[in-house]
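**Q** The structure's right below; bear with me while I get my questions together.
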Protein chains: 2
Amino acid sequence: MNSHPEHQLKVKNIGIDTYRENIVYCRADCHICLCEGFKALTRIVVHYNGRNIVATLNVVHSELLSQGEAGLSMEAMKRLEVKDGDWVRLSHLKQIDSLSHVRAKMYHKELEERDFNEIITDVVAGRYSNIELAAFISACSGDNLSLSEITGLTKAMIATGQKIKWQNAMILDKHCVGGLPGNRTTPIVVSIVSAAGLTIPKTSSRAITSPAGTADTMETMAPVNLGLDEIKRVIAEENGCIVWGGAVKLSPADDILISVEKSLDVDSEGQMIASVLSKKAAAGVTHVVIDIPVGETAKVRSTIKAKQLQSHFEAVGKQIGLQVKVILTDGSQPVGKGIGPSLEAMDVLSVLRNQKDAPQDLKERAIILSGALLELSGKYAVGAGNNVATEILKNGKALTKFQSICESQGGFKEPKYAKYMHKIFSEKEGVVKSIDNRKLARMAKLAGAPQSPSAGILFLSPLGKKVTKGEVLFTVYAEAKGELEYAIDYMKDNNIIYIN
Amino acid sequence: MNSHPEHQLKVKNIGIDTYRENIVYCRADCHICLCEGFKALTRIVVHYNGRNIVATLNVVHSELLSQGEAGLSMEAMKRLEVKDGDWVRLSHLKQIDSLSHVRAKMYHKELEERDFNEIITDVVAGRYSNIELAAFISACSGDNLSLSEITGLTKAMIATGQKIKWQNAMILDKHCVGGLPGNRTTPIVVSIVSAAGLTIPKTSSRAITSPAGTADTMETMAPVNLGLDEIKRVIAEENGCIVWGGAVKLSPADDILISVEKSLDVDSEGQMIASVLSKKAAAGVTHVVIDIPVGETAKVRSTIKAKQLQSHFEAVGKQIGLQVKVILTDGSQPVGKGIGPSLEAMDVLSVLRNQKDAPQDLKERAIILSGALLELSGKYAVGAGNNVATEILKNGKALTKFQSICESQGGFKEPKYAKYMHKIFSEKEGVVKSIDNRKLARMAKLAGAPQSPSAGILFLSPLGKKVTKGEVLFTVYAEAKGELEYAIDYMKDNNIIYIN
């Protein structure tokens, strides 16, 4: 470490959001650029006030920066806790030792738990570039991780995050591996299970690449941005909650890895298991039911894959002391009618309210998952779960519990329809033969979901339905005219529903 | 494709060099950011004048951009051929089909030549993000490519670049896989071989991560930035040249892949072979000698690895109709005394001039490689090459040829010493036991090489040398005082030469 004054640069806040990557912007004529060269995505250490981060160098050839100034991406400023005008010092990067494990993994070496610990510690500290993260994810992708490696990775991810402690000995949870639009069972399951007297503190995510996460949907009905103390108060009052998990940093490694993973669109079984189970363990969960929708355009595409995933989920759960029950469900088409936060919330409410037009598929899934949780808890006999869950839903206790949870989280409100809509009509008569879930989700996103909570798709043409020419297949909702057009434009190039 | 006016944005040149990555900078309140969201490193298509590129979205939260403006990284502007004030259109990215091959490779599927063709075509078109490039490189790293895959990748890389045609039927070349500071045999080999009447149009690279490339070294003695027509004129006049290969886009895929590869510091045998041989084939070469230095801190660390590499180089060469001869050389320590463009040039000249103090190791290596080329050509008997080469060097024909080549390239000049220097003395008496080539190279770079051509290291303590306390081990040269201090500072934390 040196302290030549010429290595000090004044931070200018240039307000560039590079997502999670640390970037340091330097003038082409600054000392660091001249010394380090800029031929191979140079990585540099930026120091401030005893802290440091590793950042990738971008070189500025304009007057964006003055002599003696450096810019930092918003993520880098946040990590380093610097503000405009602070002085930072730059130094060359000594090697990141844990990358040797990544390279070893590329050569198919079996990694130990402590290797994963070193890697994940560096990842959490922001020392990996996106390129290095991509290399790690690729090396671990596919079936490249053994069961003991998945366990090692899971433990490493638990070790680098916080862990929540609860009063109760038994803490339930549910999780869906995703990929199925409208599969919004969580608010119903939490209501049923907590109404049955069991504890289920559900922390959900916001959408990353989907048109709605459970937190987005729930937010159209009640506040979800609760801190840990508030979550604990809600649980003490109601046994259940449906809140956003982001305020509680359960698995910071996962938040970083997932961003690169999503952009590669690669199914990495090991990382998915480690991601899900590490978050559950960190949340203090003891029993979890995992919903794996299986279908051609869902995340898991075949029953063989799903069964392998099931067995690995349960085996790794055992290794980390977590009771895991996996349920394979139909993933061939969207669940319910709504795709997008508000539209999905309407489905949820219609099930809880026992409305006649409530989507039966959503209701049935919620009952199956609730039943499984009730049985897994050991408080209800095997085989009795579904009946108990059905009764709690039918007699209105689930609705009452949901309303109490909403009040405890800050107050209930009704979800709303968006201002703009456009109906998509069938161009022919026939039967709905297949549905591309991914494209349907993409279209809902282009319409503005989840940033515009009432945007999305009201889906009216499930598989096997007979449709006449001119019948409405689905309706696109948007909060702005431009977004509506953007979504419709996407429709033109893409076949989403196949009728014959 | 749509043409809503709101999708048109005016380009502002913000002068940010992101190296090879296409980045599009948009305001947080612009339509595209709102529609696409910005949670997962969104990739967007930018259209201009019938061309398009794929770029990663960065979001601007400052007044760097005004309403209706978009910024592009310098690479993106160059690729799209836009300038400040042009109007571009943005659209969502339909999937990049060739990424499915990358994912298949992650699952250890053997790829076909046409799969590589699709991947490399997209890479050359700039459609891959750095994350996607890293995934491809990782999937192909280590020993993950079979011989037929390496051949397929090599052919794909040849197919996507230009190919040079020559008058002569036989075109010679030499290549060193690198990793050894000061190993600057090329100017000597080219001089000997062309003096022997054979054709050797040597296009060399500039340094990427090393303190000097052959082009950098040659540039301290003669111009090297020659276009293809000028290269052909020099060859017509002299049979040989030593020029920078960058002006001739021989393997554009390689230029892109190599940037990410270097930053991962991963030895990918398949990609190295494809990279080297595709460039040779594209350059119209028919016979090539490849120098593989083997040593603990060289690129290839063991004889076993080197022999495997040798056999693969020769096998792939055969598949693409290229005569390849691989020579394994000692890679345990720097070659000659100079590390850095000018200092290496001085070594080259002292060998060509038959000076008494000329580095014998450099001279011997140059003779061995020249001899191998002479024999490979079939014009000289096997076993006679080294004697012929030695004679051409000794009788001054090589020097005369080198001077003629320099004149033909634009004129010879003497390389110079840098203004600032610092001697590193031995702290004890003993024998030089080991040398860290990588750290020595790093130090030369920190001193300013190759951007400052006369910066670098004059290395005076080869393996086995007896040194006394206070004897000079090496001298650091720099063109600026700051750079000298920066390099010396690095020395403090690092053991480069071990004496006992």
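Here's how to read the names in the structure tokens: chain A, B, ... by the order shown, residue numbers from 1 in each chain, ligand numbers from 1 in the order shown.
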Find the residues around Leu309 (chain A) up to 9 Å (only C-alpha atoms counted), leave out those fewer than 6 positions away in its own chain, and share them as a PyMOL selection string.

**A** chain A and resi 269+273+292+326

**Q** Enumerate as a PDB file with C-alpha atoms, in the first residue's frame all residues of region 229-386 of chain B assigned to strand (DSSP E) by DSSP on the backbone, naming them with the chain letters and numbers the document uses.

**A**
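See result.pdb below for the written result:
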```pdb
ATOM      1  CA  GLY B 240      10.252 -10.257 -44.967  1.00  0.00           C
ATOM      2  CA  CYS B 241       8.614  -7.690 -42.717  1.00  0.00           C
ATOM      3  CA  ILE B 242       7.919  -7.169 -39.019  1.00  0.00           C
ATOM      4  CA  VAL B 243       4.718  -5.129 -38.771  1.00  0.00           C
ATOM      5  CA  TRP B 244       1.743  -4.660 -36.504  1.00  0.00           C
ATOM      6  CA  HIS B 287       4.432 -23.254 -42.869  1.00  0.00           C
ATOM      7  CA  VAL B 288       4.775 -22.130 -39.274  1.00  0.00           C
ATOM      8  CA  VAL B 289       7.181 -22.849 -36.421  1.00  0.00           C
ATOM      9  CA  ILE B 290       5.693 -22.420 -32.954  1.00  0.00           C
ATOM     10  CA  ASP B 291       7.878 -21.680 -29.933  1.00  0.00           C
ATOM     11  CA  ILE B 292       6.479 -22.951 -26.632  1.00  0.00           C
ATOM     12  CA  PRO B 293       8.581 -21.829 -23.673  1.00  0.00           C
ATOM     13  CA  VAL B 294       8.100 -24.224 -20.758  1.00  0.00           C
ATOM     14  CA  GLN B 323       2.337 -27.268 -41.846  1.00  0.00           C
ATOM     15  CA  VAL B 324       3.063 -26.783 -38.167  1.00  0.00           C
ATOM     16  CA  LYS B 325       6.298 -27.552 -36.325  1.00  0.00           C
ATOM     17  CA  VAL B 326       6.335 -26.976 -32.559  1.00  0.00           C
ATOM     18  CA  ILE B 327       9.561 -26.388 -30.630  1.00  0.00           C
ATOM     19  CA  LEU B 328       9.660 -26.585 -26.849  1.00  0.00           C
ATOM     20  CA  THR B 329      12.151 -24.143 -25.318  1.00  0.00           C
ATOM     21  CA  ASP B 330      13.393 -23.271 -21.839  1.00  0.00           C
ATOM     22  CA  GLY B 338      15.876  -6.117 -21.796  1.00  0.00           C
ATOM     23  CA  ILE B 339      12.218  -6.224 -20.768  1.00  0.00           C
TER      24      ILE B 339
END
```

**Q** Quick one: which chain B residues come within 6 Å of chain A, and what is the nearest atom pair for each with the distance in Å to one decimal, counting only C-alpha atoms, rows ordered by chain and ascending number, as a Markdown table?

**A**
```
| residue | atom | partner | partner_atom | distance |
| --- | --- | --- | --- | --- |
| B:Gly15 | CA | A:Ser62 | CA | 4.8 |
| B:Ile16 | CA | A:Val60 | CA | 4.6 |
| B:Asp17 | CA | A:Val59 | CA | 4.9 |
| B:Thr18 | CA | A:Asn58 | CA | 5.0 |
| B:Cys35 | CA | A:Leu446 | CA | 5.4 |
| B:Lys39 | CA | A:Ile208 | CA | 5.8 |
| B:Ala40 | CA | A:Ser259 | CA | 5.4 |
| B:Asn58 | CA | A:Thr18 | CA | 5.0 |
| B:Val59 | CA | A:Asp17 | CA | 4.9 |
| B:Val60 | CA | A:Ile16 | CA | 4.6 |
| B:His61 | CA | A:Gly15 | CA | 4.8 |
| B:Ser62 | CA | A:Gly15 | CA | 4.8 |
| B:Tyr107 | CA | A:Gly142 | CA | 5.3 |
| B:Ile131 | CA | A:Ile131 | CA | 5.2 |
| B:Ala134 | CA | A:Ile131 | CA | 5.5 |
| B:Ala135 | CA | A:Ser138 | CA | 5.5 |
| B:Ser138 | CA | A:Ala135 | CA | 5.5 |
| B:Gly142 | CA | A:Tyr107 | CA | 5.4 |
| B:Ile208 | CA | A:Lys39 | CA | 5.8 |
| B:Ser259 | CA | A:Ala40 | CA | 5.3 |
| B:Ser263 | CA | A:Ala40 | CA | 5.9 |
| B:Leu446 | CA | A:Cys35 | CA | 5.4 |
| B:Gly448 | CA | A:Cys35 | CA | 5.5 |
```

**Q** Okay, now the selection with N, CA and C atoms, as a PDB file, in the first residue's frame?

**A**
```
ATOM      1  N   GLY B  15     -17.985   9.919 -24.463  1.00  0.00           N
ATOM      2  CA  GLY B  15     -16.547   9.610 -24.421  1.00  0.00           C
ATOM      3  C   GLY B  15     -16.121   8.592 -23.387  1.00  0.00           C
ATOM      4  N   ILE B  16     -16.926   7.565 -23.175  1.00  0.00           N
ATOM      5  CA  ILE B  16     -16.531   6.532 -22.212  1.00  0.00           C
ATOM      6  C   ILE B  16     -16.055   5.285 -22.956  1.00  0.00           C
ATOM      7  N   ASP B  17     -14.803   4.907 -22.656  1.00  0.00           N
ATOM      8  CA  ASP B  17     -14.215   3.725 -23.274  1.00  0.00           C
ATOM      9  C   ASP B  17     -14.390   2.548 -22.320  1.00  0.00           C
ATOM     10  N   THR B  18     -15.235   1.604 -22.725  1.00  0.00           N
ATOM     11  CA  THR B  18     -15.527   0.430 -21.893  1.00  0.00           C
ATOM     12  C   THR B  18     -14.740  -0.776 -22.398  1.00  0.00           C
ATOM     13  N   CYS B  35     -39.898   0.561 -19.633  1.00  0.00           N
ATOM     14  CA  CYS B  35     -40.497  -0.651 -20.204  1.00  0.00           C
ATOM     15  C   CYS B  35     -39.701  -1.896 -19.886  1.00  0.00           C
ATOM     16  N   LYS B  39     -33.308  -4.701 -14.037  1.00  0.00           N
ATOM     17  CA  LYS B  39     -33.003  -5.543 -12.902  1.00  0.00           C
ATOM     18  C   LYS B  39     -32.016  -6.623 -13.275  1.00  0.00           C
ATOM     19  N   ALA B  40     -31.805  -6.878 -14.523  1.00  0.00           N
ATOM     20  CA  ALA B  40     -31.008  -8.049 -14.868  1.00  0.00           C
ATOM     21  C   ALA B  40     -30.097  -7.781 -16.050  1.00  0.00           C
ATOM     22  N   ASN B  58     -27.007   0.701 -19.275  1.00  0.00           N
ATOM     23  CA  ASN B  58     -26.656   1.356 -18.017  1.00  0.00           C
ATOM     24  C   ASN B  58     -27.598   2.537 -17.857  1.00  0.00           C
ATOM     25  N   VAL B  59     -28.046   2.782 -16.643  1.00  0.00           N
ATOM     26  CA  VAL B  59     -29.056   3.811 -16.427  1.00  0.00           C
ATOM     27  C   VAL B  59     -28.429   5.044 -15.794  1.00  0.00           C
ATOM     28  N   VAL B  60     -28.732   6.202 -16.373  1.00  0.00           N
ATOM     29  CA  VAL B  60     -28.141   7.452 -15.912  1.00  0.00           C
ATOM     30  C   VAL B  60     -29.141   8.220 -15.046  1.00  0.00           C
ATOM     31  N   HIS B  61     -28.705   8.535 -13.835  1.00  0.00           N
ATOM     32  CA  HIS B  61     -29.571   9.257 -12.895  1.00  0.00           C
ATOM     33  C   HIS B  61     -29.098  10.696 -12.703  1.00  0.00           C
ATOM     34  N   SER B  62     -28.170  11.146 -13.547  1.00  0.00           N
ATOM     35  CA  SER B  62     -27.660  12.509 -13.406  1.00  0.00           C
ATOM     36  C   SER B  62     -28.034  13.302 -14.648  1.00  0.00           C
ATOM     37  N   TYR B 107     -23.205 -28.045 -20.713  1.00  0.00           N
ATOM     38  CA  TYR B 107     -23.668 -29.391 -20.361  1.00  0.00           C
ATOM     39  C   TYR B 107     -22.813 -30.470 -21.030  1.00  0.00           C
ATOM     40  N   ILE B 131     -20.445 -10.923 -20.226  1.00  0.00           N
ATOM     41  CA  ILE B 131     -20.896 -12.050 -19.408  1.00  0.00           C
ATOM     42  C   ILE B 131     -21.085 -13.281 -20.282  1.00  0.00           C
ATOM     43  N   ALA B 134     -17.734 -14.552 -21.390  1.00  0.00           N
ATOM     44  CA  ALA B 134     -17.081 -15.265 -20.284  1.00  0.00           C
ATOM     45  C   ALA B 134     -17.661 -16.669 -20.153  1.00  0.00           C
ATOM     46  N   ALA B 135     -18.961 -16.793 -20.347  1.00  0.00           N
ATOM     47  CA  ALA B 135     -19.600 -18.109 -20.252  1.00  0.00           C
ATOM     48  C   ALA B 135     -19.090 -19.021 -21.362  1.00  0.00           C
ATOM     49  N   SER B 138     -15.478 -19.955 -20.564  1.00  0.00           N
ATOM     50  CA  SER B 138     -15.422 -20.931 -19.467  1.00  0.00           C
ATOM     51  C   SER B 138     -15.839 -22.310 -19.944  1.00  0.00           C
ATOM     52  N   GLY B 142     -10.003 -25.091 -20.114  1.00  0.00           N
ATOM     53  CA  GLY B 142      -9.378 -26.334 -19.656  1.00  0.00           C
ATOM     54  C   GLY B 142      -9.240 -27.293 -20.818  1.00  0.00           C
ATOM     55  N   ILE B 208      -0.676  -7.115 -24.844  1.00  0.00           N
ATOM     56  CA  ILE B 208      -1.998  -7.061 -24.227  1.00  0.00           C
ATOM     57  C   ILE B 208      -1.815  -6.989 -22.719  1.00  0.00           C
ATOM     58  N   SER B 259      -9.820 -10.550 -25.126  1.00  0.00           N
ATOM     59  CA  SER B 259      -9.912  -9.527 -24.082  1.00  0.00           C
ATOM     60  C   SER B 259     -10.529 -10.106 -22.810  1.00  0.00           C
ATOM     61  N   SER B 263      -8.634 -11.387 -19.092  1.00  0.00           N
ATOM     62  CA  SER B 263      -9.079 -10.868 -17.807  1.00  0.00           C
ATOM     63  C   SER B 263      -9.445 -12.002 -16.863  1.00  0.00           C
ATOM     64  N   LEU B 446       4.407  -1.624 -14.784  1.00  0.00           N
ATOM     65  CA  LEU B 446       4.137  -0.522 -13.860  1.00  0.00           C
ATOM     66  C   LEU B 446       5.099   0.632 -14.108  1.00  0.00           C
ATOM     67  N   GLY B 448       5.868   1.591 -16.907  1.00  0.00           N
ATOM     68  CA  GLY B 448       5.370   2.336 -18.062  1.00  0.00           C
ATOM     69  C   GLY B 448       5.377   1.591 -19.380  1.00  0.00           C
TER      70      GLY B 448
END
```

**Q** Choose the residue, out of B:Val467, B:Leu440, B:Ile44, B:Ile457, that has the smallest atom-to-atom separation from Asn494 (chain B); count only C-alpha atoms.

**A** B:Leu440

**Q** When you draw a straight line from CA of Leu322 (chain B) to CA of Lys174 (chain B), how long is it in Å?

**A** 12.5 Å

**Q** Which one of B:Val177, B:Ile368, B:Leu228, B:Met77 sits closest to Ile53 (chain B) if you count only C-alpha atoms?

**A** B:Met77

**Q** With only C-alpha atoms as the basis for distance, which of B:Lys423, B:Lys83, B:Lys10, B:Lys109 is at the shortest distance from Ile488 (chain B)?

**A**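 Among the listed residues, the smallest separation from Ile488 (chain B) belongs to B:Lys423.
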
**Q** Residues of region 32-267 of chain A in helix (DSSP H, G or I) according to DSSP, as a VMD selection string?

**A** chain A and resid 32 to 36 74 to 80 99 to 106 113 to 124 130 to 139 147 to 159 186 to 195 214 to 219 228 to 238 245 to 247 252 to 264

**Q** Have a look at B:Leu111, B:Met443, B:Ala283, B:Ala212 and name the one nearest to Gly246 (chain B); count only C-alpha atoms.

**A**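 Ranked by minimum distance to Gly246 (chain B), first place goes to B:Ala283.
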
**Q** Tell me, in Å to one decimal, how far CA of Asp361 (chain B) is from CA of Ala345 (chain B).

**A**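 So the answer is 14.9 Å.
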
**Q** For a test of reading the model, state the distance in Å between CA of Gly213 (chain B) and CA of Leu250 (chain B), rounded to one decimal.

**A** 17.4 Å

**Q** Just want the 8 Å neighbourhood of Ser350 (chain A), counted on only C-alpha atoms, with same-chain residues fewer than 6 positions away dropped. Output as a list in words.

**A** Asp357, Ala358 and Pro359 of chain A

**Q** Which residues, written as a PyMOL selection string, have at least one atom at most 12 Å from region 163-167 of chain A, with only C-alpha atoms counted and residues fewer than 2 positions away on the same chain left out?

**A** chain A and resi 157-161+169-172+199-201+203+227-229+231-233+235-236+239+245+248-252+278-286

**Q** Between B:Ala389, B:Gly295, B:Val124, B:Lys394, which one has atoms that come closest to Asp254 (chain B), using only C-alpha atoms?

**A**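 Once distances to Asp254 (chain B) are computed over only C-alpha atoms, the minimum belongs to B:Val124.
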
**Q** So which one's closest to Lys12 (chain B), B:Glu219, B:Glu81, B:Asp86, B:Glu110? Using only C-alpha atoms, please.

**A**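 The shortest atom-to-atom distance to Lys12 (chain B) comes from B:Asp86.
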